[in-house]
There are 2 protein chains.
Amino acid sequence: MTTPVVATTDQELDAVLDAAAAASAPFAAMTPRDRARSLRAVADALDAAAGELVPLAHAESRLPAAPRLSGELGRTTFQLRLLSEVIDEGGHLEVTIDSPDPTWPAGGRPDLRRMLVPVGPVVVFAASNFPFAFSVAGGDTAAALAAGCPVVLKAHPGHPRLSARTGEIVAAALAASGAPAGAFAVVHGESAGRAAVLDPRIRAGAFTGSPTGGRALYDLANSRATPIPFYAEMGSVNPVFVTSGAAAVRGADIADGYLGSYTLGAGQFCTKPGLLFVPADAAPDLERQLAAALAERAGAPLLNERIADGYAQVLDTLTAHPAVRVLSAGRDNGDGPAPTLLGCTAADLFTWWHELVVECFGPTSVVVRYADDAELLACARRFTGELTATVHGEGGEPVAATLLAELSDRAGRVLWNGWPTGVSVTYAMQHGGPYPATTAPLHTSVGTTSLRRFLRPVCYQNVPQTLLPEALRDGNPLELPRRVDGTIQV
Amino acid sequence: MTTPVVATTDQELDAVLDAAAAASAPFAAMTPRDRARSLRAVADALDAAAGELVPLAHAESRLPAAPRLSGELGRTTFQLRLLSEVIDEGGHLEVTIDSPDPTWPAGGRPDLRRMLVPVGPVVVFAASNFPFAFSVAGGDTAAALAAGCPVVLKAHPGHPRLSARTGEIVAAALAASGAPAGAFAVVHGESAGRAAVLDPRIRAGAFTGSPTGGRALYDLANSRATPIPFYAEMGSVNPVFVTSGAAAVRGADIADGYLGSYTLGAGQFCTKPGLLFVPADAAPDLERQLAAALAERAGAPLLNERIADGYAQVLDTLTAHPAVRVLSAGRDNGDGPAPTLLGCTAADLFTWWHELVVECFGPTSVVVRYADDAELLACARRFTGELTATVHGEGGEPVAATLLAELSDRAGRVLWNGWPTGVSVTYAMQHGGPYPATTAPLHTSVGTTSLRRFLRPVCYQNVPQTLLPEALRDGNPLELPRRVDGTIQV
């Protein structure tokens, strides 16, 4: 583990891509149940290696080993196991069968059978802030493997040795459980990542990271002679709107929750609440409470130098803005920055929107004082694409219903009286949203529908039983949920 | 109807886009069942206007009024009615509910409820070759309206007056059935179409037409500060592979079917079989039979001058190629071109792939002689993205199974012993495919899943019952199929 991790060479990348392309058909041909077993094998192998992986992650990411990193590894292996259940059940194949019907309108209906098939090899760009859950064996990898796509994983430079070691474990577990060689590989270096996006052997890409990086890779993917889907999750400011009713009834609790959420993990979550809208009359008390609580807060190291530099730069720009007041300045006594709290008015935010509504990745957030509901709604309507948007309200307020409706048009997840950090891995989770939160508003990178990104439909017309994929045969040998002649059959 | 149709001005377009944006929320707020009634109202109004619309379509498109255009209008209204049934049932909303569960791994699970919501206003580019089914009230429009998205329809210049009149009927029927004003409008002119793609009020685009036009608009959509999904269906050569077994048993029947399919509608279908691969030993008989049948064929007018010019140009280039033999030259005695048949060898096709494997939109196809199964498979593997691919084979041949597997990796629809023209509107239909057939391999422009293109997921976290959309409430008041705690409930 002391060998430095070096960038993947062009020749090495070429071999990885060849192997991924060669693995594509045999990996797709595995039954969903066999592939589910492979996912569980990967999860088991990672759990078994926790004693080795967690310290490695801690050394490279500066994140606390427990409960943070050990918990994150648990989330990662849970994710693999939940997706294994999903493909075990098989609903993700969306099997649809139409029987021949000469009386069907507009020319009759042949025997048509549709299912989803893997898109082919996928390049996945790992994130820095979750060295397990959004990295080598993270959500994008789990989704692509569950879908049946070989994965070429571009490691994040923030934790290269952890990436290499996790990759070895994943690849070995896949191979031992019957997946074809080439179904998984880790590559290092920006140049290898870009080359993979441009390579004809790659059929889709996924990314979690900054808007700049995500957009650049998205543009690259679209610039190809044969463009590919590129799913970039690029973060968000995750506005939180506190109604006057909620502020009056439980302002202090809201302030507590806000502080906990925006400083969690040193603010290095893509769902960190970056803006808290509070009524102007309630703001002074709330700001005083927050500033008092922040005075006791110690600093924490950020993930790496690049993130620390980026944080400092955005924070400096915000702090220097004439519309911004510093409510509490987070000092750095050598441990990393303590949380900072900024403030401004909704009127100023509206005026300097593009300068002030920016993601400040780290432990800073902005309290925005609004004058009335009209101003609050005007701000809500100004957002275009967020991962999350939150309302703290009381049920009877008309503004709460309006806010929820406006925000559901602008965010992937809308929360009520809660906090956006903490993205549960479930069937209903949506971790995505309109641009600029992501480049693919129709999709999610967390939850059981995340594997949709890597599946495309194929329809078989009048193909005899023996030549059909098993999933589409009469008698339903794989026992899949299906839609037959329009009717859902479970 | 004698007023010439003029290009939409910038000011007119601005008003149309404002109205579409204003209609977005109220149209989305209609229940699926109310929207289903609106779709049926549109279908009824179009059927009632057949006596006016079919002659108008005939005059502008030169296509036969009956059975072609009257049948196509029937297909168009059937499509609207089938999609109305789909949204009546409500499975398209993909309602997913997870109950709160503090024991759920990786941190517990809040109350999470997910459904699909409309993406917002959509610009649809009409095609020339189906003045009803892929035009103003065609599949893309029906899908977007069913999803709940206002539609700005860019008319095809090949049938401007039909487009304007159809648009009036659609807009009136929508308004009369309770849809908000602005839910539908027709615009004319290339400049208006491009401006709509670039406008922030537009959230997605759909297109059926040429590769050049589709790619240009796709690039435009991606070039936006806020990119949008752009679904371009750009045609295909739709290769047909005849195994030696099939050629031996029923070569003459295959030749008949091929001739019928490639000359249908004067070859102006995006699913026209453009290449027929036949074993070299069977080829001479088959080619003689085809040439004899073609000798009697009369010409038919092409849709418009632009298509006629494009056809002549591609045909000239193919004919002039040293690898190409003219098996039967289709003369034009003033009625339009009679069908042409070309021939080449698989070896030459492989050598000059990019020159010879091109869509020749019109009544021409190429018979490709292959030497053996290895050469046949090598050609099959060379394709990258097709709407359809067809195998004529006998069940026992190993090459048939290999061909089907390879082609399902390269086409949206794979046919056995049939012909690709004739795209049935059903639950299982897939009319799409990897690039260059389309820019969106995950989607279809025909069939009941076509509305997926215009829906995006939103997840509500801990939102109280009274503030939730009806579709997500306890007790299932809209009686929708749902997935609750992972289990599908019909």
# chains A, B, ... in the order shown; residues from 1 in each chain; ligands from 1
call {"tool": "residues_around", "arguments": {"residues": "B:Cys344", "least_positions_apart": "3", "cutoff": "8 Å", "atoms": "only C-alpha atoms", "output": "tab-separated table (two decimals) with N, CA and C atoms, in the first residue's frame"}}
result
chain	number	residue	atom	x	y	z
B	323	ALA	N	-18.10	0.04	-56.53
B	323	ALA	CA	-18.48	-1.24	-55.93
B	323	ALA	C	-19.95	-1.59	-56.17
B	324	VAL	N	-20.71	-0.63	-56.70
B	324	VAL	CA	-22.16	-0.80	-56.80
B	324	VAL	C	-22.59	-1.17	-58.22
B	325	ARG	N	-23.40	-2.20	-58.34
B	325	ARG	CA	-24.02	-2.53	-59.63
B	325	ARG	C	-25.48	-2.09	-59.59
B	348	ASP	N	-17.09	-5.64	-50.40
B	348	ASP	CA	-17.00	-4.23	-50.81
B	348	ASP	C	-17.73	-3.31	-49.83
B	349	LEU	N	-18.88	-3.77	-49.35
B	349	LEU	CA	-19.61	-2.96	-48.37
B	349	LEU	C	-18.74	-2.68	-47.15
B	366	VAL	N	-30.42	-1.84	-51.44
B	366	VAL	CA	-29.20	-2.49	-51.94
B	366	VAL	C	-29.19	-3.96	-51.51
B	367	VAL	N	-29.03	-4.84	-52.48
B	367	VAL	CA	-28.86	-6.27	-52.19
B	367	VAL	C	-27.37	-6.53	-52.00
B	368	VAL	N	-27.01	-7.11	-50.86
B	368	VAL	CA	-25.60	-7.33	-50.52
B	368	VAL	C	-25.33	-8.84	-50.52
B	369	ARG	N	-24.45	-9.28	-51.41
B	369	ARG	CA	-24.11	-10.71	-51.48
B	369	ARG	C	-23.01	-11.03	-50.47
call {"tool": "select_by_dssp", "arguments": {"residues": "stretch 128-371 of chain A", "states": "strand (DSSP E or B)", "output": "PyMOL selection string"}}
result
chain A and resi 151-154+184-187+204-208+230-233+240-242+275-279+325-328+332+337+340-345+364-370
call {"tool": "atom_distance", "arguments": {"atom1": "atom CA of B:Asp44", "atom2": "atom CA of B:Ala23"}}
result
22.6 Å
call {"tool": "residues_around", "arguments": {"residues": "stretch 456-465 of chain B", "least_positions_apart": "4", "cutoff": "7 Å", "atoms": "only C-alpha atoms", "output": "compact mmCIF listing (two decimals) with N, CA, C and O atoms, in the first residue's frame"}}
result
# COMPACT_ATOMS: atom_id res chain seq x y z
N SER A 408 -41.46 21.87 -6.18
CA SER A 408 -41.47 20.56 -6.84
C SER A 408 -41.22 20.71 -8.34
O SER A 408 -40.87 19.76 -9.02
N GLY A 412 -35.39 17.96 -7.25
CA GLY A 412 -35.64 16.52 -7.30
C GLY A 412 -36.31 16.00 -6.05
O GLY A 412 -37.09 15.05 -6.09
N ARG A 413 -36.01 16.62 -4.91
CA ARG A 413 -36.60 16.17 -3.65
C ARG A 413 -37.08 17.39 -2.89
O ARG A 413 -36.36 18.38 -2.78
N VAL A 414 -38.29 17.30 -2.38
CA VAL A 414 -38.89 18.40 -1.65
C VAL A 414 -39.18 17.92 -0.23
O VAL A 414 -39.84 16.90 -0.04
N LEU A 415 -38.64 18.64 0.75
CA LEU A 415 -38.78 18.19 2.14
C LEU A 415 -39.67 19.14 2.93
O LEU A 415 -39.70 20.35 2.69
N TRP A 416 -40.31 18.56 3.90
CA TRP A 416 -41.18 19.32 4.81
C TRP A 416 -40.64 19.15 6.22
O TRP A 416 -40.47 18.02 6.70
N ALA A 428 -38.13 4.96 -3.22
CA ALA A 428 -38.73 6.24 -3.63
C ALA A 428 -37.73 7.38 -3.70
O ALA A 428 -38.09 8.48 -4.14
N MET A 429 -36.50 7.16 -3.26
CA MET A 429 -35.54 8.28 -3.23
C MET A 429 -35.31 8.84 -4.63
O MET A 429 -35.22 8.11 -5.60
N GLN A 430 -35.20 10.17 -4.69
CA GLN A 430 -34.79 10.86 -5.91
C GLN A 430 -33.62 11.76 -5.54
O GLN A 430 -33.79 12.70 -4.76
N PRO A 441 -32.29 15.50 -15.86
CA PRO A 441 -33.40 15.66 -14.92
C PRO A 441 -34.32 14.45 -14.81
O PRO A 441 -35.07 14.36 -13.85
N LEU A 442 -34.24 13.53 -15.76
CA LEU A 442 -35.13 12.37 -15.72
C LEU A 442 -34.61 11.26 -14.81
O LEU A 442 -35.27 10.23 -14.66
N PRO B 110 -37.03 8.09 6.16
CA PRO B 110 -38.18 8.96 6.41
C PRO B 110 -39.36 8.53 5.54
O PRO B 110 -39.27 7.55 4.80
N ASP B 111 -40.46 9.25 5.60
CA ASP B 111 -41.58 9.04 4.70
C ASP B 111 -41.19 9.62 3.34
O ASP B 111 -41.00 10.84 3.21
N LEU B 112 -41.04 8.76 2.36
CA LEU B 112 -40.60 9.20 1.02
C LEU B 112 -41.64 8.79 -0.01
O LEU B 112 -42.04 7.62 -0.06
N ARG B 113 -42.05 9.71 -0.83
CA ARG B 113 -43.06 9.43 -1.85
C ARG B 113 -42.62 10.04 -3.17
O ARG B 113 -42.41 11.25 -3.26
N ARG B 114 -42.54 9.19 -4.16
CA ARG B 114 -41.98 9.60 -5.44
C ARG B 114 -43.01 9.44 -6.54
O ARG B 114 -43.74 8.45 -6.58
N MET B 115 -43.05 10.38 -7.46
CA MET B 115 -43.88 10.23 -8.65
C MET B 115 -43.21 10.98 -9.80
O MET B 115 -42.27 11.74 -9.59
N LEU B 116 -43.69 10.72 -11.00
CA LEU B 116 -43.17 11.47 -12.14
C LEU B 116 -44.07 12.68 -12.40
O LEU B 116 -45.29 12.59 -12.27
N VAL B 117 -43.44 13.78 -12.74
CA VAL B 117 -44.17 15.01 -13.05
C VAL B 117 -43.71 15.52 -14.43
O VAL B 117 -42.62 15.17 -14.89
N PRO B 118 -44.54 16.34 -15.08
CA PRO B 118 -44.17 16.83 -16.42
C PRO B 118 -42.90 17.69 -16.37
O PRO B 118 -42.69 18.43 -15.40
N VAL B 119 -42.08 17.61 -17.42
CA VAL B 119 -40.85 18.40 -17.45
C VAL B 119 -41.12 19.87 -17.75
O VAL B 119 -40.29 20.72 -17.45
N ARG B 473 -51.16 10.30 -1.96
CA ARG B 473 -51.77 10.26 -0.63
C ARG B 473 -52.13 8.84 -0.19
O ARG B 473 -52.36 7.96 -1.02
call {"tool": "residues_around", "arguments": {"residues": "A:Pro239", "least_positions_apart": "6", "cutoff": "8 Å", "atoms": "only C-alpha atoms", "output": "compact mmCIF listing (two decimals) with C-alpha atoms, in the first residue's frame"}}
result
# COMPACT_ATOMS: atom_id res chain seq x y z
CA PRO A 273 -28.50 23.70 3.01
CA GLY A 274 -26.72 26.72 1.57
CA LEU A 275 -29.49 29.26 2.07
CA LEU A 276 -31.98 29.61 4.92
CA PHE A 277 -34.84 32.02 4.21
CA THR A 388 -33.43 19.46 -2.79
CA ALA A 389 -35.64 22.26 -1.54
CA THR A 390 -37.11 22.38 1.95
call {"tool": "residues_around", "arguments": {"residues": "A:Ala126", "least_positions_apart": "6", "cutoff": "9 Å", "atoms": "only C-alpha atoms", "output": "ChimeraX atom specification"}}
result
/A:134-136,138,140,153-156,206-209
call {"tool": "select_by_dssp", "arguments": {"residues": "stretch 251-412 of chain A", "states": "helix (DSSP H, G or I)", "output": "ChimeraX atom specification"}}
result
/A:251-267,283-295,305-320,346-351,353-356,373-382,398-408
call {"tool": "write_last_selection", "arguments": {"atoms": "C-alpha atoms", "output": "mmCIF file, in the first residue's frame"}}
result
data_model
loop_
_atom_site.group_PDB
_atom_site.id
_atom_site.type_symbol
_atom_site.label_atom_id
_atom_site.label_comp_id
_atom_site.auth_asym_id
_atom_site.auth_seq_id
_atom_site.Cartn_x
_atom_site.Cartn_y
_atom_site.Cartn_z
ATOM 1 C CA GLY A 251 -37.661 29.140 15.470
ATOM 2 C CA ALA A 252 -35.115 27.901 17.987
ATOM 3 C CA ASP A 253 -35.536 24.255 16.955
ATOM 4 C CA ILE A 254 -35.193 25.207 13.325
ATOM 5 C CA ALA A 255 -31.980 27.094 14.070
ATOM 6 C CA ASP A 256 -30.600 24.007 15.834
ATOM 7 C CA GLY A 257 -31.504 21.711 12.989
ATOM 8 C CA TYR A 258 -30.068 24.085 10.411
ATOM 9 C CA LEU A 259 -26.766 24.356 12.235
ATOM 10 C CA GLY A 260 -26.503 20.583 12.505
ATOM 11 C CA SER A 261 -27.318 20.053 8.838
ATOM 12 C CA TYR A 262 -25.078 22.690 7.241
ATOM 13 C CA THR A 263 -22.039 21.841 9.369
ATOM 14 C CA LEU A 264 -22.426 18.060 9.043
ATOM 15 C CA GLY A 265 -19.303 16.542 7.513
ATOM 16 C CA ALA A 266 -17.787 20.055 7.515
ATOM 17 C CA GLY A 267 -20.456 21.109 5.026
ATOM 18 C CA ALA A 283 -34.257 36.843 11.968
ATOM 19 C CA PRO A 284 -32.421 38.801 14.691
ATOM 20 C CA ASP A 285 -33.214 36.249 17.428
ATOM 21 C CA LEU A 286 -32.446 33.358 15.181
ATOM 22 C CA GLU A 287 -29.163 34.841 13.981
ATOM 23 C CA ARG A 288 -28.094 35.606 17.567
ATOM 24 C CA GLN A 289 -28.835 32.033 18.594
ATOM 25 C CA LEU A 290 -26.850 30.661 15.671
ATOM 26 C CA ALA A 291 -23.894 32.968 16.248
ATOM 27 C CA ALA A 292 -23.782 32.011 19.921
ATOM 28 C CA ALA A 293 -23.791 28.311 19.115
ATOM 29 C CA LEU A 294 -21.148 28.782 16.432
ATOM 30 C CA ALA A 295 -18.797 30.587 18.784
ATOM 31 C CA GLU A 305 -6.190 20.937 -0.554
ATOM 32 C CA ARG A 306 -8.174 21.513 -3.702
ATOM 33 C CA ILE A 307 -11.461 21.600 -1.806
ATOM 34 C CA ALA A 308 -9.953 23.738 0.959
ATOM 35 C CA ASP A 309 -8.676 26.231 -1.624
ATOM 36 C CA GLY A 310 -11.997 26.293 -3.466
ATOM 37 C CA TYR A 311 -13.872 26.816 -0.209
ATOM 38 C CA ALA A 312 -11.643 29.672 0.876
ATOM 39 C CA GLN A 313 -11.987 31.352 -2.481
ATOM 40 C CA VAL A 314 -15.791 31.201 -2.663
ATOM 41 C CA LEU A 315 -16.052 32.243 0.983
ATOM 42 C CA ASP A 316 -13.767 35.234 0.410
ATOM 43 C CA THR A 317 -15.836 36.349 -2.544
ATOM 44 C CA LEU A 318 -19.092 36.042 -0.616
ATOM 45 C CA THR A 319 -17.686 37.782 2.445
ATOM 46 C CA ALA A 320 -16.353 40.640 0.370
ATOM 47 C CA ALA A 346 -33.867 38.629 0.112
ATOM 48 C CA ALA A 347 -33.989 41.897 -1.831
ATOM 49 C CA ASP A 348 -30.189 41.927 -2.127
ATOM 50 C CA LEU A 349 -30.104 38.226 -2.946
ATOM 51 C CA PHE A 350 -32.571 38.839 -5.737
ATOM 52 C CA THR A 351 -30.484 41.731 -7.079
ATOM 53 C CA TRP A 353 -28.560 36.421 -7.564
ATOM 54 C CA HIS A 354 -25.770 34.970 -9.687
ATOM 55 C CA GLU A 355 -23.053 36.265 -7.384
ATOM 56 C CA LEU A 356 -24.730 35.161 -4.152
ATOM 57 C CA ASP A 373 -44.524 36.068 1.584
ATOM 58 C CA ALA A 374 -44.451 37.756 -1.804
ATOM 59 C CA GLU A 375 -40.701 38.232 -1.534
ATOM 60 C CA LEU A 376 -40.286 34.655 -0.313
ATOM 61 C CA LEU A 377 -42.211 33.264 -3.277
ATOM 62 C CA ALA A 378 -40.338 35.498 -5.714
ATOM 63 C CA CYS A 379 -37.088 34.007 -4.442
ATOM 64 C CA ALA A 380 -38.442 30.451 -4.572
ATOM 65 C CA ARG A 381 -39.466 30.978 -8.188
ATOM 66 C CA ARG A 382 -36.016 32.192 -9.135
ATOM 67 C CA PRO A 398 -51.462 29.095 2.226
ATOM 68 C CA VAL A 399 -47.858 30.051 1.449
ATOM 69 C CA ALA A 400 -46.677 26.567 2.411
ATOM 70 C CA ALA A 401 -48.765 24.865 -0.266
ATOM 71 C CA THR A 402 -47.666 27.387 -2.878
ATOM 72 C CA LEU A 403 -44.028 26.952 -1.916
ATOM 73 C CA LEU A 404 -44.232 23.155 -2.177
ATOM 74 C CA ALA A 405 -45.804 23.374 -5.617
ATOM 75 C CA GLU A 406 -43.223 25.856 -6.908
ATOM 76 C CA LEU A 407 -40.335 23.903 -5.451
ATOM 77 C CA SER A 408 -41.472 20.557 -6.840
#
call {"tool": "residues_around", "arguments": {"residues": "B:Thr141", "least_positions_apart": "6", "cutoff": "10 Å", "atoms": "only C-alpha atoms", "output": "ChimeraX atom specification"}}
result
/B:80,122-126,133-135,147,149-153,184,206,451
call {"tool": "residues_around", "arguments": {"residues": "B:Arg109", "least_positions_apart": "2", "cutoff": "10 Å", "atoms": "only C-alpha atoms", "output": "PyMOL selection string"}}
result
(chain A and resi 422-426+429) or (chain B and resi 98-107+111-112+461)
call {"tool": "atom_distance", "arguments": {"atom1": "atom CA of A:Ala164", "atom2": "atom CA of A:Ala185"}}
result
9.2 Å
call {"tool": "closest_residue", "arguments": {"among": "A:Leu217, A:Phe383, A:Gly193, A:Thr271", "to": "A:Asp10", "atoms": "only C-alpha atoms"}}
result
A:Gly193
call {"tool": "atom_distance", "arguments": {"atom1": "atom CA of B:Pro301", "atom2": "atom CA of B:Gln268"}}
result
10.7 Å
call {"tool": "closest_residue", "arguments": {"among": "A:Ala171, A:Ala280, A:Leu56, A:Val95", "to": "chain B", "atoms": "only C-alpha atoms"}}
result
A:Val95
call {"tool": "closest_residue", "arguments": {"among": "A:Pro200, A:Pro279, A:Pro26, A:Gly362", "to": "A:Ala183", "atoms": "only C-alpha atoms"}}
result
A:Pro26
call {"tool": "closest_residue", "arguments": {"among": "A:Val278, A:Cys360, A:Val237, A:Leu69", "to": "chain B", "atoms": "only C-alpha atoms"}}
result
A:Leu69
call {"tool": "closest_residue", "arguments": {"among": "B:Arg161, B:His431, B:Arg40, B:Arg62", "to": "chain A", "atoms": "only C-alpha atoms"}}
result
B:His431
